[in-house]
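K.L.:
If it helps, the file is called input_32.txt and holds compact mmCIF, C-alpha atoms (C1' of nucleotides):
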```txt
# COMPACT_ATOMS: atom_id res chain seq x y z
CA MET A 1 130.03 97.52 93.42
CA PRO A 2 130.41 96.80 97.14
CA ARG A 3 127.98 94.38 98.72
CA ALA A 4 125.28 95.54 101.03
CA GLY A 5 125.52 92.61 103.42
CA LEU A 6 121.95 91.48 103.05
CA THR A 7 120.53 88.50 104.89
CA GLY A 8 117.01 87.26 105.45
CA GLU A 9 117.46 88.50 109.00
CA VAL A 10 118.67 91.93 107.90
CA VAL A 11 115.87 92.41 105.39
CA VAL A 12 113.13 91.32 107.77
CA ARG A 13 114.47 93.48 110.57
CA ALA A 14 114.67 96.52 108.32
CA ALA A 15 111.11 95.83 107.20
CA ALA A 16 109.90 95.56 110.79
CA ASP A 17 111.57 98.85 111.73
CA LEU A 18 110.04 100.49 108.70
CA ALA A 19 106.61 99.09 109.52
CA ASP A 20 106.83 100.62 112.99
CA GLU A 21 107.41 103.97 111.32
CA ILE A 22 105.10 104.00 108.34
CA GLY A 23 102.67 101.16 109.01
CA LEU A 24 102.53 97.62 107.74
CA ALA A 25 100.49 98.39 104.65
CA ALA A 26 103.05 100.87 103.36
CA THR A 27 105.92 98.51 104.04
CA THR A 28 106.50 97.05 100.60
CA LEU A 29 109.46 95.33 99.03
CA SER A 30 110.09 98.59 97.22
CA SER A 31 110.12 100.71 100.35
CA VAL A 32 112.34 98.23 102.17
CA ALA A 33 114.75 98.14 99.24
CA ARG A 34 114.86 101.94 99.27
CA VAL A 35 115.71 102.00 102.97
CA LEU A 36 118.45 99.43 102.48
CA GLY A 37 119.87 101.30 99.49
CA VAL A 38 119.40 98.30 97.26
CA ARG A 39 117.39 97.28 94.20
CA VAL A 40 114.13 95.45 94.70
CA ALA A 41 115.20 92.34 92.82
CA SER A 42 118.08 91.89 95.25
CA LEU A 43 115.66 91.11 98.06
CA TYR A 44 114.32 88.02 96.35
CA SER A 45 117.43 86.05 97.21
CA HIS A 46 116.77 86.61 100.89
CA VAL A 47 113.02 86.60 101.38
CA ASP A 48 110.37 84.75 99.45
CA GLY A 49 108.69 87.73 97.85
CA SER A 50 106.11 89.94 99.43
CA THR A 51 104.31 87.25 101.39
CA GLY A 52 107.58 85.77 102.56
CA LEU A 53 108.60 89.15 103.92
CA ARG A 54 105.34 89.41 105.81
CA GLU A 55 105.68 85.93 107.24
CA GLY A 56 109.18 86.82 108.33
CA MET A 57 107.94 89.94 110.05
CA ALA A 58 105.17 87.97 111.74
CA THR A 59 107.64 85.43 113.06
CA LEU A 60 110.08 88.09 114.20
CA ALA A 61 107.38 90.04 116.02
CA LEU A 62 105.77 87.00 117.61
CA ASP A 63 109.12 85.75 118.89
CA GLU A 64 110.21 89.13 120.18
CA LEU A 65 106.87 89.57 121.88
CA ALA A 66 106.93 86.11 123.42
CA ASP A 67 110.39 86.88 124.82
CA ARG A 68 109.13 90.04 126.44
CA VAL A 69 105.99 88.50 127.81
CA GLY A 70 107.96 85.55 129.12
CA GLY A 71 110.36 87.90 130.86
CA ALA A 72 107.53 89.96 132.27
CA ILE A 73 105.71 87.07 133.94
CA ALA A 74 108.81 85.28 135.17
CA GLY A 75 108.71 84.93 138.93
CA ARG A 76 105.18 86.27 139.21
CA SER A 77 101.87 84.57 139.72
CA GLY A 78 98.21 85.32 140.16
CA ARG A 79 97.19 88.88 139.66
CA ASP A 80 100.78 90.11 139.37
CA ALA A 81 101.41 87.71 136.54
CA LEU A 82 98.15 88.66 134.86
CA GLU A 83 98.99 92.33 134.95
CA ALA A 84 102.55 91.82 133.78
CA PHE A 85 101.33 89.58 130.98
CA ALA A 86 98.64 91.86 129.65
CA THR A 87 100.67 95.00 130.02
CA ALA A 88 103.62 93.48 128.18
CA TYR A 89 101.32 92.95 125.19
CA ARG A 90 99.87 96.41 125.39
CA ASP A 91 103.24 98.10 125.77
CA TYR A 92 104.67 96.20 122.84
CA ALA A 93 101.74 97.13 120.64
CA ARG A 94 102.14 100.79 121.50
CA ALA A 95 105.90 100.85 121.13
CA HIS A 96 105.92 98.80 117.92
CA PRO A 97 102.67 99.34 116.04
CA GLY A 98 104.01 97.92 112.79
CA ARG A 99 105.37 94.76 114.39
CA ASN A 100 102.10 94.48 116.27
CA GLU A 101 100.14 94.56 113.02
CA ALA A 102 102.51 91.94 111.68
CA THR A 103 101.61 89.53 114.48
CA ARG A 104 98.17 89.25 112.91
CA VAL A 105 99.03 88.44 109.35
CA ARG A 106 97.66 85.14 108.17
CA VAL A 107 100.40 82.62 107.61
CA GLY A 108 100.55 79.18 106.10
CA PRO A 109 100.35 76.17 108.44
CA ASP A 110 104.03 75.36 107.93
CA SER A 111 105.35 78.83 108.70
CA PRO A 112 107.71 79.29 111.64
CA ALA A 113 105.21 81.87 112.81
CA VAL A 114 102.94 79.01 113.85
CA ALA A 115 105.48 77.75 116.36
CA ALA A 116 105.91 81.28 117.66
CA GLY A 117 102.15 81.49 118.01
CA ARG A 118 102.17 78.38 120.15
CA ARG A 119 104.63 80.03 122.53
CA HIS A 120 101.97 82.64 123.20
CA ALA A 121 99.35 80.06 123.97
CA ASP A 122 101.78 78.45 126.40
CA LEU A 123 102.49 81.76 128.10
CA THR A 124 98.80 82.39 128.52
CA ARG A 125 98.38 78.99 130.11
CA ALA A 126 101.27 79.76 132.42
CA VAL A 127 99.50 82.86 133.70
CA LEU A 128 96.34 80.88 134.30
CA ARG A 129 98.19 78.38 136.45
CA GLY A 130 98.01 81.03 139.14
CA TYR A 131 94.23 80.66 139.19
CA ASP A 132 93.10 77.17 139.78
CA LEU A 133 90.97 76.17 136.87
CA ASP A 134 90.23 72.71 135.62
CA GLU A 135 91.35 71.72 132.15
CA ALA A 136 88.15 72.71 130.35
CA ASP A 137 87.85 76.05 132.06
CA ALA A 138 91.49 76.80 131.33
CA VAL A 139 90.79 76.65 127.60
CA HIS A 140 87.87 79.04 127.88
CA ALA A 141 89.87 81.34 130.10
CA THR A 142 92.78 81.28 127.67
CA ARG A 143 90.47 82.44 124.92
CA LEU A 144 88.91 85.10 127.09
CA LEU A 145 92.28 86.44 128.13
CA GLY A 146 93.55 86.46 124.57
CA SER A 147 90.41 88.20 123.38
CA VAL A 148 90.58 90.96 125.96
CA VAL A 149 94.25 91.70 125.47
CA HIS A 150 94.04 91.57 121.70
CA GLY A 151 90.77 93.45 121.52
CA TYR A 152 91.74 96.20 123.90
CA THR A 153 95.08 96.96 122.33
CA ASP A 154 93.55 96.84 118.88
CA LEU A 155 90.77 99.24 119.73
CA GLU A 156 93.10 101.55 121.59
CA LEU A 157 95.58 101.65 118.75
CA SER A 158 92.92 102.19 116.14
CA GLY A 159 91.84 105.27 118.06
CA SER A 160 88.48 103.99 119.23
CA PHE A 161 89.13 105.22 122.74
CA ALA A 162 90.65 108.50 121.68
CA HIS A 163 87.51 110.58 121.62
CA SER A 164 86.05 109.82 125.01
CA ALA A 165 87.31 110.40 128.51
CA PRO A 166 88.88 108.98 130.59
CA PRO A 167 92.29 108.02 129.19
CA PRO A 168 92.74 104.36 128.23
CA GLU A 169 95.18 103.85 131.10
CA GLU A 170 92.44 104.06 133.61
CA SER A 171 90.10 101.68 131.85
CA TRP A 172 92.97 99.29 131.35
CA ALA A 173 93.46 99.06 135.11
CA ARG A 174 89.76 98.43 135.59
CA VAL A 175 89.64 95.83 132.86
CA LEU A 176 92.50 93.96 134.50
CA ASP A 177 90.71 94.15 137.85
CA ALA A 178 87.62 92.71 136.26
CA LEU A 179 89.59 89.98 134.55
CA ASP A 180 91.37 89.01 137.73
CA HIS A 181 88.08 88.86 139.56
CA THR A 182 86.53 86.71 136.86
CA LEU A 183 89.42 84.28 136.88
CA ARG A 184 89.46 83.96 140.64
CA SER A 185 85.79 83.09 140.74
CA TRP A 186 85.52 81.33 137.40
CA ALA A 187 83.17 78.61 138.55
CA ALA A 188 80.69 81.11 139.91
CA ALA A 189 81.22 83.50 137.03
CA THR A 190 80.29 80.96 134.39
CA THR A 191 77.22 79.62 136.08
CA PRO A 192 74.51 81.85 134.70
CA ARG A 193 72.04 83.57 136.95
CA MET B 1 77.36 101.21 74.41
CA PRO B 2 74.62 100.72 77.01
CA ARG B 3 75.13 102.14 80.45
CA ALA B 4 75.92 99.92 83.40
CA GLY B 5 73.84 101.90 85.88
CA LEU B 6 76.67 102.61 88.27
CA THR B 7 76.22 104.59 91.45
CA GLY B 8 78.38 105.10 94.50
CA GLU B 9 75.95 102.77 96.26
CA VAL B 10 76.16 100.11 93.56
CA VAL B 11 79.94 100.18 93.43
CA VAL B 12 80.38 100.03 97.19
CA ARG B 13 77.86 97.22 97.54
CA ALA B 14 79.55 95.20 94.82
CA ALA B 15 82.87 95.76 96.54
CA ALA B 16 81.46 94.62 99.89
CA ASP B 17 80.04 91.46 98.34
CA LEU B 18 83.34 90.78 96.66
CA ALA B 19 85.24 91.35 99.88
CA ASP B 20 83.08 88.76 101.61
CA GLU B 21 84.12 86.29 98.93
CA ILE B 22 87.79 86.99 98.34
CA GLY B 23 88.85 89.09 101.32
CA LEU B 24 89.27 92.81 101.76
CA ALA B 25 92.90 92.90 100.66
CA ALA B 26 92.09 91.37 97.27
CA THR B 27 89.16 93.70 96.73
CA THR B 28 90.72 96.32 94.49
CA LEU B 29 89.24 98.83 92.11
CA SER B 30 90.32 96.51 89.33
CA SER B 31 88.58 93.47 90.75
CA VAL B 32 85.41 95.43 91.45
CA ALA B 33 85.43 96.80 87.92
CA ARG B 34 85.81 93.27 86.59
CA VAL B 35 82.83 92.07 88.57
CA LEU B 36 80.73 94.97 87.36
CA GLY B 37 81.78 94.45 83.75
CA VAL B 38 83.16 97.94 83.55
CA ARG B 39 86.51 99.66 83.06
CA VAL B 40 88.45 100.80 86.09
CA ALA B 41 88.40 104.48 85.15
CA SER B 42 84.61 104.40 85.18
CA LEU B 43 84.58 103.85 88.92
CA TYR B 44 86.31 107.13 89.67
CA SER B 45 83.14 109.09 88.96
CA HIS B 46 81.36 107.20 91.72
CA VAL B 47 83.92 106.58 94.43
CA ASP B 48 86.94 108.62 95.43
CA GLY B 49 89.62 106.18 94.39
CA SER B 50 90.85 103.25 96.37
CA THR B 51 90.63 104.86 99.80
CA GLY B 52 87.19 106.25 99.02
CA LEU B 53 86.00 102.77 98.16
CA ARG B 54 87.32 101.46 101.46
CA GLU B 55 85.69 104.26 103.42
CA GLY B 56 82.45 103.51 101.65
CA MET B 57 82.69 99.86 102.55
CA ALA B 58 83.48 100.74 106.15
CA THR B 59 80.42 102.98 106.37
CA LEU B 60 78.20 100.42 104.69
CA ALA B 61 79.34 97.64 106.98
CA LEU B 62 79.16 99.70 110.17
CA ASP B 63 75.64 100.85 109.33
CA GLU B 64 74.43 97.40 108.37
CA LEU B 65 75.94 95.97 111.51
CA ALA B 66 74.46 98.67 113.73
CA ASP B 67 71.05 97.90 112.23
CA ARG B 68 71.39 94.24 113.05
CA VAL B 69 72.71 94.79 116.54
CA GLY B 70 69.99 97.33 117.22
CA GLY B 71 67.37 94.86 116.06
CA ALA B 72 68.89 92.10 118.14
CA ILE B 73 68.84 93.95 121.45
CA ALA B 74 65.45 95.60 120.94
CA GLY B 75 63.11 94.59 123.74
CA ARG B 76 65.79 92.78 125.69
CA SER B 77 67.75 93.76 128.74
CA GLY B 78 70.35 92.44 131.12
CA ARG B 79 71.90 89.16 130.20
CA ASP B 80 69.55 88.60 127.28
CA ALA B 81 70.54 91.90 125.77
CA LEU B 82 74.21 91.18 126.34
CA GLU B 83 73.99 87.85 124.60
CA ALA B 84 71.96 89.19 121.70
CA PHE B 85 74.38 92.08 121.33
CA ALA B 86 77.56 90.08 121.35
CA THR B 87 76.20 87.30 119.20
CA ALA B 88 74.94 89.73 116.59
CA TYR B 89 78.50 90.96 116.18
CA ARG B 90 79.94 87.50 116.05
CA ASP B 91 77.35 86.23 113.58
CA TYR B 92 77.87 89.19 111.29
CA ALA B 93 81.61 88.71 111.32
CA ARG B 94 81.26 85.07 110.41
CA ALA B 95 78.64 85.63 107.74
CA HIS B 96 80.40 88.64 106.22
CA PRO B 97 84.12 88.37 106.82
CA GLY B 98 85.00 90.98 104.21
CA ARG B 99 82.54 93.53 105.53
CA ASN B 100 83.80 92.73 109.00
CA GLU B 101 87.35 93.52 107.97
CA ALA B 102 86.07 96.73 106.45
CA THR B 103 84.65 97.89 109.79
CA ARG B 104 88.24 98.24 110.97
CA VAL B 105 89.74 100.33 108.24
CA ARG B 106 91.11 103.62 109.43
CA VAL B 107 89.06 106.52 108.18
CA GLY B 108 89.46 110.27 108.24
CA PRO B 109 87.71 112.24 111.01
CA ASP B 110 85.13 113.65 108.59
CA SER B 111 84.12 110.31 107.09
CA PRO B 112 80.49 109.17 107.46
CA ALA B 113 81.98 106.05 108.98
CA VAL B 114 82.67 108.06 112.12
CA ALA B 115 78.98 108.69 112.67
CA ALA B 116 78.29 105.01 112.08
CA GLY B 117 80.94 104.22 114.66
CA ARG B 118 79.18 106.37 117.18
CA ARG B 119 76.00 104.33 116.69
CA HIS B 120 77.93 101.33 117.95
CA ALA B 121 79.10 103.12 121.05
CA ASP B 122 75.49 104.08 121.73
CA LEU B 123 74.31 100.50 121.30
CA THR B 124 76.93 99.30 123.72
CA ARG B 125 75.79 101.84 126.27
CA ALA B 126 72.22 100.69 125.75
CA VAL B 127 73.16 97.15 126.69
CA LEU B 128 74.93 98.37 129.79
CA ARG B 129 71.83 100.18 130.98
CA GLY B 130 70.60 96.75 132.03
CA TYR B 131 73.39 96.60 134.60
CA ASP B 132 73.44 99.48 136.95
CA LEU B 133 76.76 101.14 136.64
CA ASP B 134 77.67 104.68 137.46
CA GLU B 135 78.89 106.95 134.68
CA ALA B 136 82.59 106.24 135.15
CA ASP B 137 82.16 102.50 135.34
CA ALA B 138 79.98 102.55 132.26
CA VAL B 139 82.87 103.89 130.20
CA HIS B 140 85.21 101.20 131.44
CA ALA B 141 82.58 98.55 130.87
CA THR B 142 81.92 99.83 127.36
CA ARG B 143 85.56 99.41 126.55
CA LEU B 144 85.71 95.98 128.11
CA LEU B 145 82.66 94.83 126.21
CA GLY B 146 83.98 96.20 122.95
CA SER B 147 87.34 94.58 123.53
CA VAL B 148 85.94 91.15 124.24
CA VAL B 149 83.55 91.11 121.30
CA HIS B 150 86.09 92.51 118.90
CA GLY B 151 88.93 90.40 120.22
CA TYR B 152 87.04 87.13 120.28
CA THR B 153 85.60 87.42 116.79
CA ASP B 154 88.95 88.54 115.44
CA LEU B 155 90.83 85.64 116.96
CA GLU B 156 88.17 83.15 115.97
CA LEU B 157 88.09 84.37 112.39
CA SER B 158 91.85 84.41 112.09
CA GLY B 159 91.86 80.75 113.05
CA SER B 160 93.51 81.10 116.44
CA PHE B 161 90.95 78.80 118.04
CA ALA B 162 90.89 76.33 115.19
CA HIS B 163 93.57 74.00 116.43
CA SER B 164 92.44 73.35 119.95
CA ALA B 165 89.33 71.74 121.36
CA PRO B 166 86.62 72.56 122.28
CA PRO B 167 84.80 74.39 119.48
CA PRO B 168 84.60 78.16 119.80
CA GLU B 169 80.85 77.98 120.40
CA GLU B 170 81.37 76.55 123.80
CA SER B 171 83.95 79.07 124.90
CA TRP B 172 81.77 81.83 123.55
CA ALA B 173 78.97 80.82 125.91
CA ARG B 174 81.41 80.74 128.80
CA VAL B 175 82.89 84.09 127.91
CA LEU B 176 79.44 85.64 127.88
CA ASP B 177 78.69 84.07 131.24
CA ALA B 178 81.86 85.56 132.62
CA LEU B 179 81.11 88.94 131.11
CA ASP B 180 77.60 88.97 132.52
CA HIS B 181 78.92 88.03 135.93
CA THR B 182 81.52 90.78 135.80
CA LEU B 183 79.01 93.40 134.82
CA ARG B 184 76.55 92.40 137.48
CA SER B 185 79.15 92.67 140.20
CA TRP B 186 81.23 95.44 138.66
CA ALA B 187 81.91 97.28 141.87
CA ALA B 188 83.28 94.17 143.54
CA ALA B 189 85.01 93.02 140.39
CA THR B 190 87.05 96.15 140.03
CA THR B 191 88.14 96.42 143.62
CA PRO B 192 91.41 94.51 143.57
CA ARG B 193 92.18 91.79 146.07
C1' DG C 1 61.33 114.83 66.48
C1' DT C 2 65.41 117.15 66.94
C1' DA C 3 68.88 119.92 69.02
C1' DC C 4 71.41 120.91 73.41
C1' DG C 5 73.61 120.09 77.62
C1' DT C 6 74.80 116.81 81.07
C1' DT C 7 76.11 112.51 82.68
C1' DT C 8 78.24 108.08 81.98
C1' DC C 9 81.52 105.37 80.48
C1' DC C 10 85.27 104.85 77.46
C1' DT C 11 90.45 104.91 75.55
C1' DA C 12 94.99 106.40 76.36
C1' DT C 13 98.63 107.20 79.29
C1' DA C 14 101.82 107.40 83.22
C1' DG C 15 103.73 105.81 87.48
C1' DG C 16 104.34 102.37 91.30
C1' DC C 17 104.78 97.54 93.11
C1' DT C 18 105.79 92.51 92.30
C1' DT C 19 108.03 88.96 90.09
C1' DT C 20 111.17 86.37 86.99
C1' DA C 21 115.25 85.84 83.90
C1' DG C 22 119.74 86.41 83.01
C1' DG C 23 124.50 88.88 83.65
C1' DC C 24 128.62 90.77 85.90
C1' DA C 25 131.44 91.31 89.94
C1' DA C 26 132.81 90.23 94.64
C1' DA C 27 133.86 86.80 97.95
C1' DT C 28 135.44 82.17 98.82
C1' DC C 29 137.85 77.90 98.15
C1' DC C 30 141.24 75.01 96.45
C1' DG D 1 145.89 82.67 91.03
C1' DG D 2 142.06 80.41 88.88
C1' DA D 3 137.46 78.25 89.45
C1' DT D 4 133.23 78.39 91.81
C1' DT D 5 129.80 80.16 94.43
C1' DT D 6 127.18 84.02 95.98
C1' DG D 7 125.32 88.71 95.86
C1' DC D 8 123.48 92.31 93.66
C1' DC D 9 122.48 94.19 89.34
C1' DT D 10 119.71 95.50 84.74
C1' DA D 11 115.80 94.37 81.88
C1' DA D 12 111.24 93.34 81.12
C1' DA D 13 106.40 91.90 81.83
C1' DG D 14 102.11 92.05 84.45
C1' DC D 15 98.79 94.12 87.59
C1' DC D 16 96.99 98.18 90.25
C1' DT D 17 96.03 103.16 90.89
C1' DA D 18 95.17 107.52 88.98
C1' DT D 19 94.28 111.44 85.63
C1' DA D 20 93.02 113.59 81.16
C1' DG D 21 90.22 113.96 77.54
C1' DG D 22 86.69 112.00 74.13
C1' DA D 23 82.36 109.86 72.53
C1' DA D 24 78.02 107.87 73.26
C1' DA D 25 73.70 107.70 75.96
C1' DC D 26 70.18 110.18 78.48
C1' DG D 27 67.04 114.07 79.80
C1' DT D 28 64.99 118.27 78.51
C1' DA D 29 63.25 122.12 75.65
C1' DC D 30 61.58 123.62 71.74
```
Is it possible to give me this structure as structure tokens?
P.N.:
Amino acid sequence: MPRAGLTGEVVVRAAADLADEIGLAATTLSSVARVLGVRVASLYSHVDGSTGLREGMATLALDELADRVGGAIAGRSGRDALEAFATAYRDYARAHPGRNEATRVRVGPDSPAVAAGRRHADLTRAVLRGYDLDEADAVHATRLLGSVVHGYTDLELSGSFAHSAPPPEESWARVLDALDHTLRSWAAATTPR
Amino acid sequence: MPRAGLTGEVVVRAAADLADEIGLAATTLSSVARVLGVRVASLYSHVDGSTGLREGMATLALDELADRVGGAIAGRSGRDALEAFATAYRDYARAHPGRNEATRVRVGPDSPAVAAGRRHADLTRAVLRGYDLDEADAVHATRLLGSVVHGYTDLELSGSFAHSAPPPEESWARVLDALDHTLRSWAAATTPR
DNA sequence: GTACGTTTCCTATAGGCTTTAGGCAAATCC
DNA sequence: GGATTTGCCTAAAGCCTATAGGAAACGTAC
């Protein structure tokens, strides 16, 4: 019997592609094996079972996404950077829903996905360098920015915005406007009343 | 053999409690049956299989949560209402992580969970009445508010804020300040530059 | 109180996914 | 070309979902 040329890389990539098609929940070792034309047991030499496959997908997606976001904000600053940053996330989530789901799987503290996650924190901080915030405010702003981007794409993808006008595009532009405004006047914005 | 007194209600509630303990993913028909001291097949008379159980949990959680949020914002307006609103969501998510996960399961368009979802949209609009926004802006603001609350609690619960100071409490206060500021000056905030 | 019908919960069964153990063949290395 | 490593396989066990059909408990009528 000829070999299928499996690798950890190959398996994880096939799984990620499949997840984009049929959703992360339906992407099982069995379904991946079927796609690859291989028996399930054969995958165990390349990925560490079901959870290993998921961690691999998480790492793949987080790295891919960090690459795109990094490319998007390169050479930009301030509002341009903010928009490029946020839109890179949103576009990725819409183009690759399965990979996007995979970015949120819980992983162990020693998973390579953790390092990939740190890249995202760094990218967020890079965007915020365009707004001058002191160290403490930068942390809060990082969390706000992460929350908005994550929350909006999640709600949009789950269809929460589907049954009310106007289209999500329009609100997205307004949300970014609001975010930019908040960041530019952070000191004032966070002093209540 | 004595009867266990099962009902759809009883089964779904047991499942929700279990999910808060062991997570939504591990909450299967089998595990629920074990908790109830009953055979798996017995559950099928009361809930429509695995997906029916999940829809039931989603509806239960969304309704419970809407009750709490509604109670929290009653008699408040403006910034007070905003804070009560957002914190009710965050507190619920932290107290009931399994139920919170359940609020995000995808359900069919004819599920009772859809009606429960609409209650949340209405509550959000109620909070925004304290800020005077025109109709179009109110939609954008609803989406922004939903995104921030959902995104922040999701990231906090998934541990994204765990490995950097300061504690999430502090950022939460700042995020609400920023949100309040944005809503109060929405017109200015959404006019770029 | 007993007989009847309904509801509740059961056993039995089948199929899918995960995981491990052990075997044969293909690739690789002297 | 023979030995070794590697890759993919078959086999089997365990857990989860799902359906079919049976028996015991409950409510009701007489």
K.L.:
When the cut-off is 12 Å and we count only C-alpha atoms (C1' of nucleotides), which residues of chain C are near chain B, given as a PyMOL selection string?
P.N.:
chain C and resi 7-12
K.L.:
May I ask which of the residues B:Thr28, B:His150, B:Ala93, B:Ala84 is the closest one to Ala173 (chain B), counting only C-alpha atoms?
P.N.:
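Using only C-alpha atoms, Ala173 (chain B) sits closest to B:Ala84.
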K.L.:
Could you please tell me, as a list in words, which residues of chain D have an atom within 12 Å of chain B when using only C-alpha atoms (C1' of nucleotides)?
P.N.:
DC15, DC16, DT17, DA18, DT19, DA20, DA23, DA24, DA25 and DC26 of chain D
K.L.:
Quick check: residues of chain A within 9 Å of chain B, all atoms listed in the file, returned as a PyMOL selection string.
P.N.:
chain A and resi 79+104-106+117+136-137+139-141+143-155+158-161+164-166+168+170-183+186+188-193
K.L.:
What's around Thr103 (chain B) at 8 Å? Count all atoms listed in the file, leave out sequence neighbours fewer than 5 positions away in its own chain, and write the answer as a list in words.
P.N.:
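With the cut-off at 8 Å, the set is Met57, Ala58, Thr59, Ala61 and Leu62 of chain B.
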K.L.:
One decimal, in Å: what's the spacing between CA of Gly52 (chain A) and CA of Ala66 (chain A)?
P.N.:
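About the pair CA of Gly52 (chain A) and CA of Ala66 (chain A): they are 20.9 Å apart.
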K.L.:
Near DC24 (chain C), within 12 Å and counting all atoms listed in the file, which residues show up once chain neighbours fewer than 3 positions away are dropped, as a list in words?
P.N.:
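Neighbouring residues, sequence-local ones excluded: Met1 of chain A; DG7, DC8, DC9 and DT10 of chain D.
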K.L.:
Using all atoms listed in the file, which protein or nucleic acid residues come within 8 Å of Asp20 (chain B)? Drop anything in the same chain fewer than 5 positions from it, and give the result as a count of residues only.
P.N.:
4
K.L.:
What gap, in Å, lies between CA of Arg119 (chain B) and CA of Ala86 (chain B)?
P.N.:
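Answer for the CA of Arg119 (chain B) to CA of Ala86 (chain B) separation: 15.1 Å.
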K.L.:
Mind pulling up the distance from CA of Glu101 (chain B) to CA of Ala15 (chain B)?
P.N.:
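Taking CA of Ala15 (chain B) and CA of Glu101 (chain B), their separation equals 12.5 Å.
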K.L.:
Taking all atoms listed in the file into account, name the residue in B:Asp48, B:Asp63, B:Glu169, B:Glu9 that is nearest to Asp91 (chain B).
P.N.:
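The shortest atom-to-atom distance to Asp91 (chain B) comes from B:Glu169.
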K.L.:
Using all atoms listed in the file for the distances, tell me which of D:DA11, D:DG22, D:DT4, D:DT28 is nearest to DG23 (chain C).
P.N.:
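Of D:DA11, D:DG22, D:DT4, D:DT28, the one nearest DG23 (chain C) is D:DA11, counting all atoms listed in the file.
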K.L.:
Pick out the closest residue to Gly75 (chain B) from this set: B:Ala14, B:Ala126, B:Ala138, B:Leu157. Count only C-alpha atoms.
P.N.:
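Smallest separation from Gly75 (chain B) among the options: B:Ala126.
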K.L.:
Could you add N, CA and C atoms to region 12-24 of chain B and give me the result as a compact mmCIF listing (two decimals), in the frame of the given file?
P.N.:
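Output (selection-v3.txt):
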```txt
# COMPACT_ATOMS: atom_id res chain seq x y z
N VAL B 12 79.98 100.41 95.84
CA VAL B 12 80.38 100.03 97.19
C VAL B 12 79.76 98.68 97.58
N ARG B 13 78.52 98.48 97.20
CA ARG B 13 77.86 97.22 97.54
C ARG B 13 78.53 96.03 96.82
N ALA B 14 78.85 96.25 95.56
CA ALA B 14 79.55 95.20 94.82
C ALA B 14 80.90 94.89 95.46
N ALA B 15 81.56 95.94 95.89
CA ALA B 15 82.87 95.76 96.54
C ALA B 15 82.71 94.98 97.84
N ALA B 16 81.69 95.30 98.61
CA ALA B 16 81.46 94.62 99.89
C ALA B 16 81.17 93.14 99.65
N ASP B 17 80.34 92.86 98.66
CA ASP B 17 80.04 91.46 98.34
C ASP B 17 81.31 90.72 97.93
N LEU B 18 82.09 91.38 97.12
CA LEU B 18 83.34 90.78 96.66
C LEU B 18 84.28 90.52 97.82
N ALA B 19 84.36 91.49 98.72
CA ALA B 19 85.24 91.35 99.88
C ALA B 19 84.83 90.15 100.74
N ASP B 20 83.53 89.92 100.84
CA ASP B 20 83.08 88.76 101.61
C ASP B 20 83.53 87.45 100.97
N GLU B 21 83.70 87.50 99.66
CA GLU B 21 84.12 86.29 98.93
C GLU B 21 85.63 86.09 98.95
N ILE B 22 86.35 87.14 98.58
CA ILE B 22 87.79 86.99 98.34
C ILE B 22 88.68 87.72 99.33
N GLY B 23 88.06 88.38 100.32
CA GLY B 23 88.85 89.09 101.32
C GLY B 23 89.02 90.56 100.96
N LEU B 24 89.17 91.36 101.97
CA LEU B 24 89.27 92.81 101.76
C LEU B 24 90.52 93.20 100.98
```
